>>> print(open('upload.cif').read())   # mmCIF, C-alpha atoms
data_upload
loop_
_atom_site.label_atom_id
_atom_site.label_comp_id
_atom_site.auth_asym_id
_atom_site.auth_seq_id
_atom_site.Cartn_x
_atom_site.Cartn_y
_atom_site.Cartn_z
CA MET A 1 0.00 0.00 0.00
CA ASP A 2 2.96 2.31 0.64
CA ASP A 3 4.38 2.68 -2.86
CA LEU A 4 6.63 5.65 -3.68
CA VAL A 5 6.11 5.50 -7.47
CA LEU A 6 2.33 5.40 -7.10
CA LYS A 7 2.40 8.33 -4.67
CA VAL A 8 4.58 10.55 -6.88
CA VAL A 9 2.65 9.75 -10.06
CA ALA A 10 -0.66 10.35 -8.25
CA ARG A 11 0.61 13.69 -6.93
CA VAL A 12 1.49 14.78 -10.49
CA ILE A 13 -1.63 13.46 -12.22
CA ILE A 14 -4.44 14.25 -9.74
CA PRO A 15 -4.48 18.05 -10.36
CA PHE A 16 -4.90 17.43 -14.10
CA ILE A 17 -7.77 14.99 -13.48
CA GLN A 18 -9.52 17.44 -11.15
CA VAL A 19 -9.09 20.41 -13.52
CA TYR A 20 -10.43 18.34 -16.43
CA GLY A 21 -13.40 17.20 -14.35
CA LEU A 22 -14.18 20.79 -13.37
CA TYR A 23 -13.83 21.83 -17.03
CA VAL A 24 -16.32 19.16 -18.12
CA VAL A 25 -18.78 20.20 -15.38
CA LEU A 26 -18.51 23.94 -16.02
CA HIS A 27 -18.72 23.63 -19.83
CA GLY A 28 -21.61 21.16 -19.67
CA HIS A 29 -23.90 23.46 -21.66
CA LEU A 30 -21.29 24.24 -24.34
CA SER A 31 -19.31 21.07 -25.08
CA PRO A 32 -19.76 17.29 -24.70
CA GLY A 33 -20.08 16.09 -21.15
CA GLY A 34 -21.97 17.71 -18.35
CA GLY A 35 -22.67 17.30 -14.68
CA PHE A 36 -22.70 13.50 -14.66
CA ALA A 37 -19.57 12.77 -16.72
CA GLY A 38 -17.61 15.57 -15.05
CA GLY A 39 -18.67 14.43 -11.60
CA VAL A 40 -17.48 10.90 -12.37
CA ILE A 41 -14.09 12.26 -13.49
CA LEU A 42 -13.83 14.31 -10.26
CA ALA A 43 -14.69 11.21 -8.23
CA GLY A 44 -11.99 9.30 -10.15
CA GLY A 45 -9.45 11.80 -8.85
CA PHE A 46 -10.67 11.27 -5.28
CA ILE A 47 -10.51 7.48 -5.65
CA LEU A 48 -6.97 7.65 -7.03
CA TYR A 49 -6.03 9.77 -4.01
CA ALA A 50 -7.54 7.17 -1.68
CA LEU A 51 -5.69 4.34 -3.45
CA ALA A 52 -2.30 6.09 -3.38
CA TYR A 53 -2.37 7.72 0.07
CA GLY A 54 -4.74 5.42 1.96
CA ARG A 55 -8.24 5.80 3.29
CA PRO A 56 -7.45 8.14 6.24
CA ALA A 57 -6.07 10.76 3.80
CA LEU A 58 -9.32 10.77 1.82
CA ASP A 59 -11.36 10.78 5.03
CA SER A 60 -9.65 13.95 6.18
CA LEU A 61 -10.04 15.57 2.73
CA LEU A 62 -13.67 14.57 2.15
CA PRO A 63 -15.25 13.48 5.45
CA ASP A 64 -18.30 11.23 5.38
CA ARG A 65 -20.50 14.04 6.69
CA LEU A 66 -19.40 16.45 3.95
CA ALA A 67 -20.04 13.78 1.28
CA ALA A 68 -23.53 13.13 2.67
CA LEU A 69 -24.18 16.87 2.78
CA LEU A 70 -23.09 17.30 -0.86
CA GLU A 71 -25.23 14.35 -1.94
CA SER A 72 -28.46 15.57 -0.40
CA GLY A 73 -27.55 19.19 -1.10
CA GLY A 74 -27.19 18.47 -4.82
CA VAL A 75 -30.69 17.02 -5.02
CA LEU A 76 -32.16 19.90 -2.99
CA TRP A 77 -30.30 22.42 -5.18
CA TYR A 78 -31.73 20.83 -8.34
CA THR A 79 -35.28 20.66 -6.98
CA GLY A 80 -35.10 24.16 -5.52
CA LEU A 81 -33.96 25.61 -8.83
CA GLY A 82 -36.79 23.74 -10.54
CA LEU A 83 -39.31 25.13 -8.06
CA VAL A 84 -38.21 28.70 -8.87
CA GLY A 85 -40.00 28.18 -12.18
CA LEU A 86 -43.22 27.18 -10.39
CA LEU A 87 -42.98 30.11 -7.95
CA THR A 88 -42.65 32.64 -10.77
CA GLY A 89 -45.73 31.27 -12.49
CA SER A 90 -44.38 29.05 -15.27
CA ALA A 91 -43.42 25.38 -15.51
CA PHE A 92 -41.08 23.25 -13.35
CA LEU A 93 -37.44 23.84 -14.40
CA ALA A 94 -38.44 26.84 -16.53
CA ASN A 95 -35.37 28.71 -17.75
CA ALA A 96 -35.72 32.17 -19.34
CA ARG A 97 -39.41 32.47 -18.46
CA ALA A 98 -38.55 32.15 -14.76
CA GLY A 99 -36.22 35.14 -15.03
CA PHE A 100 -32.80 33.48 -15.30
CA PRO A 101 -30.44 35.64 -17.42
CA LEU A 102 -29.54 33.81 -20.62
CA GLY A 103 -26.32 35.65 -21.47
CA VAL A 104 -24.53 35.52 -24.80
CA PRO A 105 -24.59 32.07 -26.48
CA GLY A 106 -21.17 30.44 -26.47
CA ARG A 107 -19.85 32.28 -23.42
CA LEU A 108 -19.12 30.38 -20.18
CA PHE A 109 -21.81 32.16 -18.13
CA SER A 110 -24.75 31.58 -20.43
CA GLY A 111 -27.71 29.25 -20.72
CA GLY A 112 -29.30 30.47 -17.49
CA ILE A 113 -30.40 27.56 -15.31
CA VAL A 114 -28.44 24.84 -17.16
CA PHE A 115 -25.09 26.03 -15.83
CA LEU A 116 -26.34 25.99 -12.22
CA LEU A 117 -28.02 22.59 -12.61
CA ASN A 118 -24.82 21.06 -14.02
CA LEU A 119 -22.84 22.44 -11.08
CA GLY A 120 -25.21 20.80 -8.57
CA ILE A 121 -25.25 17.46 -10.43
CA GLY A 122 -21.44 17.45 -10.72
CA LEU A 123 -20.91 17.91 -6.97
CA LYS A 124 -23.56 15.32 -6.13
CA VAL A 125 -22.19 12.67 -8.50
CA ALA A 126 -18.60 13.22 -7.31
CA ALA A 127 -19.66 12.74 -3.68
CA THR A 128 -21.89 9.75 -4.51
CA ILE A 129 -19.29 7.81 -6.51
CA SER A 130 -16.54 8.35 -3.94
CA THR A 131 -18.96 7.22 -1.20
CA LEU A 132 -19.81 4.16 -3.33
CA PHE A 133 -16.13 3.26 -3.55
CA ARG A 134 -15.62 3.94 0.15
CA ASN A 135 -18.54 1.76 1.24
CA LEU A 136 -17.40 -1.09 -1.00
CA GLN A 137 -13.83 -0.94 0.26
CA GLU A 138 -14.79 -0.66 3.95
CA GLU A 139 -15.10 -3.49 6.51
CA GLU A 140 -11.83 -5.22 5.58
CA MET B 141 -12.13 4.97 -42.47
CA LEU B 142 -14.34 1.95 -43.15
CA THR B 143 -11.51 -0.47 -42.38
CA VAL B 144 -10.82 1.27 -39.06
CA ARG B 145 -14.48 1.04 -38.10
CA SER B 146 -14.70 -2.64 -39.10
CA LEU B 147 -11.56 -3.35 -37.09
CA LEU B 148 -13.04 -1.56 -34.06
CA LEU B 149 -16.29 -3.51 -34.30
CA ALA B 150 -14.41 -6.81 -34.70
CA LEU B 151 -12.28 -5.99 -31.63
CA LEU B 152 -15.44 -5.05 -29.72
CA LEU B 153 -17.05 -8.40 -30.54
CA LEU B 154 -13.86 -10.26 -29.66
CA SER B 155 -13.46 -8.56 -26.28
CA ALA B 156 -17.13 -9.08 -25.43
CA LEU B 157 -16.78 -12.82 -26.13
CA ALA B 158 -13.53 -12.90 -24.14
CA VAL B 159 -15.23 -11.31 -21.12
CA ALA B 160 -17.98 -13.91 -21.25
CA ARG B 161 -15.56 -16.84 -21.58
CA THR B 162 -12.85 -15.87 -19.07
CA ARG B 163 -12.95 -17.81 -15.79
CA ASP B 164 -10.47 -15.51 -14.02
CA LEU B 165 -12.65 -12.64 -12.82
CA LEU B 166 -9.78 -10.16 -12.43
CA SER B 167 -8.78 -10.72 -16.07
CA ALA B 168 -12.44 -10.38 -17.05
CA ALA B 169 -12.63 -6.99 -15.29
CA VAL B 170 -9.52 -5.76 -17.11
CA ILE B 171 -10.80 -7.00 -20.49
CA PHE B 172 -14.11 -5.29 -19.73
CA ALA B 173 -12.25 -1.99 -19.24
CA GLY B 174 -10.69 -2.53 -22.69
CA TYR B 175 -14.15 -3.27 -24.08
CA SER B 176 -15.42 0.03 -22.66
CA LEU B 177 -12.51 1.94 -24.19
CA ILE B 178 -13.21 0.43 -27.65
CA MET B 179 -16.92 1.17 -27.15
CA ALA B 180 -16.09 4.81 -26.35
CA THR B 181 -14.13 5.07 -29.60
CA VAL B 182 -17.07 3.54 -31.48
CA TRP B 183 -19.46 6.09 -29.91
CA GLN B 184 -17.12 8.87 -31.01
CA GLN B 185 -17.08 7.40 -34.53
CA LEU B 186 -20.89 7.40 -34.48
CA ARG B 187 -20.69 11.16 -33.72
CA ALA B 188 -21.97 10.89 -30.15
CA PRO B 189 -19.13 12.55 -28.21
CA ASP B 190 -21.32 13.06 -25.15
CA ILE B 191 -21.97 9.32 -24.79
CA ALA B 192 -18.32 8.60 -25.61
CA LEU B 193 -17.16 10.77 -22.70
CA ALA B 194 -19.62 9.15 -20.31
CA GLU B 195 -18.62 5.66 -21.51
CA ALA B 196 -14.91 6.38 -21.07
CA ALA B 197 -15.37 7.86 -17.59
CA ILE B 198 -17.94 5.41 -16.23
CA GLY B 199 -17.32 2.21 -18.22
CA ALA B 200 -13.55 2.22 -18.38
CA GLY B 201 -12.93 4.11 -15.15
CA ILE B 202 -15.37 3.69 -12.31
CA THR B 203 -17.08 0.41 -13.26
CA SER B 204 -13.84 -1.54 -13.65
CA LEU B 205 -12.54 -0.05 -10.41
CA LEU B 206 -15.65 -1.18 -8.53
CA PHE B 207 -15.38 -4.63 -10.17
CA ILE B 208 -11.75 -4.94 -9.04
CA VAL B 209 -12.62 -3.92 -5.47
CA THR B 210 -15.42 -6.50 -5.50
CA VAL B 211 -13.06 -9.21 -6.79
CA ALA B 212 -10.57 -8.31 -4.06
CA ARG B 213 -13.27 -8.74 -1.43
CA THR B 214 -14.72 -12.00 -2.81
CA GLY B 215 -13.08 -14.79 -4.80
CA ARG B 216 -10.88 -14.38 -7.85
CA TYR B 217 -12.04 -17.46 -9.77
CA GLU B 218 -15.47 -18.37 -11.06
CA LYS B 219 -16.84 -21.47 -9.36
#
>>> encode(input="upload.cif", output="structure tokens")
Amino acid sequence: MDDLVLKVVARVIIPFIQVYGLYVVLHGHLSPGGGFAGGVILAGGFILYALAYGRPALDSLLPDRLAALLESGGVLWYTGLGLVGLLTGSAFLANARAGFPLGVPGRLFSGGIVFLLNLGIGLKVAATISTLFRNLQEEE
Amino acid sequence: MLTVRSLLLALLLLSALAVARTRDLLSAAVIFAGYSLIMATVWQQLRAPDIALAEAAIGAGITSLLFIVTVARTGRYEK
């Protein structure tokens, strides 16, 4: 478990994985990918960290409570944003008609609600997949 | 281009059959990761980059990792 090569390679490669995952999440409305694929890539970075540095390192970086909070918070964020549409008098998950600014097409901050929804889904999926791995690996 | 696609599809079929026939479950998990990688390339060739990205991240990455953890916690050989 205590392998120097694995640790050094993980230290070099994890920042690239995390930046790519964040890129996929944030550009979900512009390019291929989105909240789900980007969240899985982010979780892959966390799992690699757990494999290289051991479970206690991941537990101090992403405690169980924080992961649970992100999981339920992502769902609540999605539903709450959807309910904004109902509160302003149009449909569930309404975008421009609920008053979200659309921005200029092709820019990063555009698309109104889609950007915010992708952000919530990305965080939720990253927390869920790392919890999945953690629960499976537990009870040795 | 056609030959590349035919080669990809033939490899896909071959790896799918290999996964089904392998008795060593760790080898099967690794071959399944290769299958997912070929499948991601096929999705990209079919002009579905969104699905290709999801397949590469979930199929080749997370699924094979979870399979390997499961094999480590149970038995390595099919009974």
>>> closest_residue(input="upload.cif", among="A:Asp3, A:Ile113, A:Val8, A:Gly21", to="chain B", atoms="only C-alpha atoms")
A:Gly21
>>> atom_distance(input="upload.cif", atom1="atom CA of B:Met141", atom2="atom CA of B:Ala200")
24.3 Å
>>> interface_residues(input="upload.cif", of="chain B", to="chain A", cutoff="8 Å", atoms="only C-alpha atoms", output="list in words")
Pro189, Asp190, Ile191, Leu193, Ala194, Ala197, Ile198, Gly201, Ile202, Leu206, Val209, Thr210 and Arg213 of chain B
>>> closest_residue(input="upload.cif", among="B:Leu205, B:Tyr217, B:Ala192, B:Ala156", to="A:Leu48", atoms="all atoms listed in the file")
B:Leu205
>>> atom_distance(input="upload.cif", atom1="atom CA of A:Val84", atom2="atom CA of A:Ile121")
17.2 Å
>>> closest_residue(input="upload.cif", among="A:Thr88, A:Thr79, A:Gln18, A:Thr131", to="A:Leu117", atoms="all atoms listed in the file")
A:Thr79
>>> closest_residue(input="upload.cif", among="B:Ala158, B:Leu166, B:Val144, B:Leu152", to="B:Val211", atoms="all atoms listed in the file")
B:Leu166
>>> resolve_selection(input="upload.cif", expression="the PyMOL selection byres ((chain A and resi 11) around 12)", output="number ranges by chain")
A: 4-10, 12-18, 45-46, 48-53
>>> atom_distance(input="upload.cif", atom1="atom CA of B:Ala180", atom2="atom CA of B:Glu218")
27.8 Å
>>> residues_around(input="upload.cif", residues="B:Ser155", least_positions_apart="4", cutoff="8 Å", atoms="only C-alpha atoms", output="MDAnalysis selection string")
chainID B and resid 151 159 171:172 174:175
>>> closest_residue(input="upload.cif", among="A:Thr128, A:Ser90, A:Asn118, A:Asn135", to="A:Tyr23", atoms="all atoms listed in the file")
A:Asn118
>>> residues_around(input="upload.cif", residues="stretch 58-74 of chain A", least_positions_apart="3", cutoff="6 Å", atoms="all atoms listed in the file", output="PyMOL selection string")
chain A and resi 50+55+77+120+124+127
>>> closest_residue(input="upload.cif", among="A:Val19, A:Ala91, A:Leu30, A:Leu123", to="A:Ser110", atoms="only C-alpha atoms")
A:Leu30
>>> resolve_selection(input="upload.cif", expression="the PyMOL selection byres ((chain A and resi 106) around 12)", output="short mmCIF file (atom, residue, chain, number, x, y, z; two decimals) with C-alpha atoms, in the frame of the given file")
data_model
loop_
_atom_site.label_atom_id
_atom_site.label_comp_id
_atom_site.auth_asym_id
_atom_site.auth_seq_id
_atom_site.Cartn_x
_atom_site.Cartn_y
_atom_site.Cartn_z
CA HIS A 27 -18.72 23.63 -19.83
CA GLY A 28 -21.61 21.16 -19.67
CA HIS A 29 -23.90 23.46 -21.66
CA LEU A 30 -21.29 24.24 -24.34
CA SER A 31 -19.31 21.07 -25.08
CA LEU A 102 -29.54 33.81 -20.62
CA GLY A 103 -26.32 35.65 -21.47
CA VAL A 104 -24.53 35.52 -24.80
CA PRO A 105 -24.59 32.07 -26.48
CA ARG A 107 -19.85 32.28 -23.42
CA LEU A 108 -19.12 30.38 -20.18
CA PHE A 109 -21.81 32.16 -18.13
CA SER A 110 -24.75 31.58 -20.43
CA GLY A 111 -27.71 29.25 -20.72
#
